[in-house]
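Structure, as structure tokens:
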Amino acid sequence: MSNLFTSSIGKKLIMSLAGLFLIVFLVVHLGINLSLIFSDTRESFNKAAHFMSSNLLIKIVEIILFGGLFLHMFYGFYLQIKNWIARGRFYSINNYSQTSFFSKFMIHTAVIITVFIIIHLSDFFFKSKFSGEIPVVFYNGKSYHDLGILVIEKFKIPGFVIFYIVCFIFLAFHLLHGFWSAFQTLGLDHRLYTPWIKVIGVLYTILVTAGFTLIPVYIYFFM
Amino acid sequence: MDFTLKIWRQENARAKGRFVTYHVTGISPECSFLEMLDILNQQLIDKFEKPVCYDHDCREGICGACGLYINGRPHGQDDGVTTCQLHMRRYRDGDTITVEPWRAKPFPVIKDLVVDRSAFDKIIASGGYISVSTGGVPDANTILVPKEDAELAMDAAACIGCGACVAACKNASAMLFVASKVSQFAKLPQGRVEAKERVKKMVAKMDELGFGACTNTGACEVECPKNISLSHIACLNREYFKAKIL
């Protein structure tokens with residue numbers, strides 16, 4: 001008799017729940033980032049970043065976020081290796097049946113996103129957490145880390161902007177399949193609502209990745 | 001019609017296989033794919049060569065024996081058919097056709113194009129049946145089954161266990177097979193009695209036999225000769241969570 005979390009379906013359950021959590025997180029992340037380019041000063045962005053790093057509740061959510069990210073990646077890579085073993089010998093001609101294109105490259109986009117996350121975290125998150133090299137600004141006599149200037153300086157480097165945009169495109173490929181796939185794995189399939197979930201997934205992907213792409217482009221050209 | 005065939009030849013389960021190229025001539029467009037292989041084998045026998053081994057039985061698309069991986073697709077390029085229902089008129093004269101056996105760890109090659117699909121039998125034996133007494137044939141309408149449920153159960157029951165889903169899946173996952181076998185009972189009152197035990201045992205057996213995990217690519221649905229829907233996999237997931245959590 002299988003244990004829920006050792007079965008293949010159980011591992012997929014964890015992956016889908018973590019994936020949906022990350023999907024929600026991306027919206028929050030995007031919202032805060034957009035405040036940097038939609039306001040004249042960096043005040044709202046810096047205050048939001050300060051709130052995200054100091055609020056106790058957010059700190060608990062942050063642990064869940066990193067835990068979820070880890071589980072999503074760990075089970076993703078683990079199951080992929082199991083799946084390669086399950087094939088045994090590969091075909092001389094790969095299957096080319098007309099299925100969703102991006103679903104076949106989840107592991108490849110996952111590797112690119114993993115590399116991106118490591119670079120992204122070490123550039124901003126770890127810097128703000130562990131090193132004191134960040135300039136300080138004062139709003140109403142209170143001191144804040146000026147993370148905004150850190151972001152703006154980074155996105156003045158053309159190579160950096162291009163790297164980010166390329167990674168966002170691969171993130172979009174990952175989300176195009178991942179969004180609906182999470183619902184399917186949870187068993188949330190319905191003849192009326194599933195087509196809408198797929199449409200919402202595509203809209204979500206376009207809006208979120210377009211939003212994230214806008215930030216480095218806007219900063220590079222207009223700030 | 002004449003064809004060049006690249007066929008996987010493997011002496012036995014332990015032997016190292018390889019592709020061998022054959023030229024088959026004088027094929028009528030009305031030939032089914034299996035009849036074309038019969039003619040090839042006759043031509044090989046006439047030349048005192050070993051004929052190609054392949055699995056087949058009913059030759060009318062209901063037994064699920066004739067699984068061949070043809071030019072990168074299980075059961076060839078046509079949708080909703082088995083290899084025996086594929087005809088040579090779908091190819092052009094002089095085409096090169098590559099024929100491979102199903103490739104999956106739980107489906108070891110026995111000889112040439114024949115694989116051992118008894119892993120599916122083991123999954124069925126683990127719980128894909130009804131053991132409660134359902135009595136004799138009841139009067140009509142004593143057990144009410146919604147029309148939609150009856151139709152969905154019938155769609156799932158169309159599975160012939162050919163293994164095309166495993167062969168097509170990039171993960172060699174048997175989820176569509178297990179899903180149809182779980183779903184066909186889960187939708188009907190007689191099957192609900194043992195639903196929880198059934199799904200737990202069948203999923204455990206599926207994992208134990210070394211099939212891959214589902215990544216919802218939908219390749220199985222496309223290649224299934226009986227067009228069984230991916231929504232049955234969602235049903236399997238629901239049934240599994242219900243059995244495990246509730």
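Here, A, B, ... name the chains of the structure tokens in the order displayed, residue numbers run from 1 inside each chain, and ligands are numbered from 1 in the same displayed order.
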
Starting from chain A, keep only residues with some atom at most 8 Å from an atom of chain B, counting only C-alpha atoms, and report them as an MDAnalysis selection string. chainID A and resid 1:2 4 7:9 12 79:80 82:100 103:104 181 184:190

From the DSSP assignment of the backbone, select every residue of stretch 26-86 of chain B that is strand (DSSP E or B), and format the answer as number ranges by chain. B: 32, 69-70, 73-74

Counting only C-alpha atoms, what is within 6 Å of stretch 24-33 of chain B, bar same-chain residues fewer than 3 positions away, as a VMD selection string? chain B and resid 1 to 3 36 40 84 86 to 89

Can you tell me which residues surround A:Phe221 at a distance of at most 12 Å, considering only C-alpha atoms, apart from same-chain residues fewer than 2 positions away, and format the answer as an MDAnalysis selection string? chainID A and resid 37 152 155:158 161 214:219 223

Mind the document's chain letters and residue numbers, and return as a VMD selection string the residues of stretch 22-174 of chain A that DSSP labels helix (DSSP H, G or I). chain A and resid 22 to 37 43 to 54 56 to 87 102 to 130 147 to 154 158 to 174

Selected residue of minimal separation from B:Val199 among B:Ser133, B:Ser126, B:Gln10, B:Thr21, counting only C-alpha atoms: B:Ser126

For the atom pair atom CA of A:Asn55 and atom CA of A:Gly31, what is the interatomic distance in Å to one decimal place? 17.4 Å
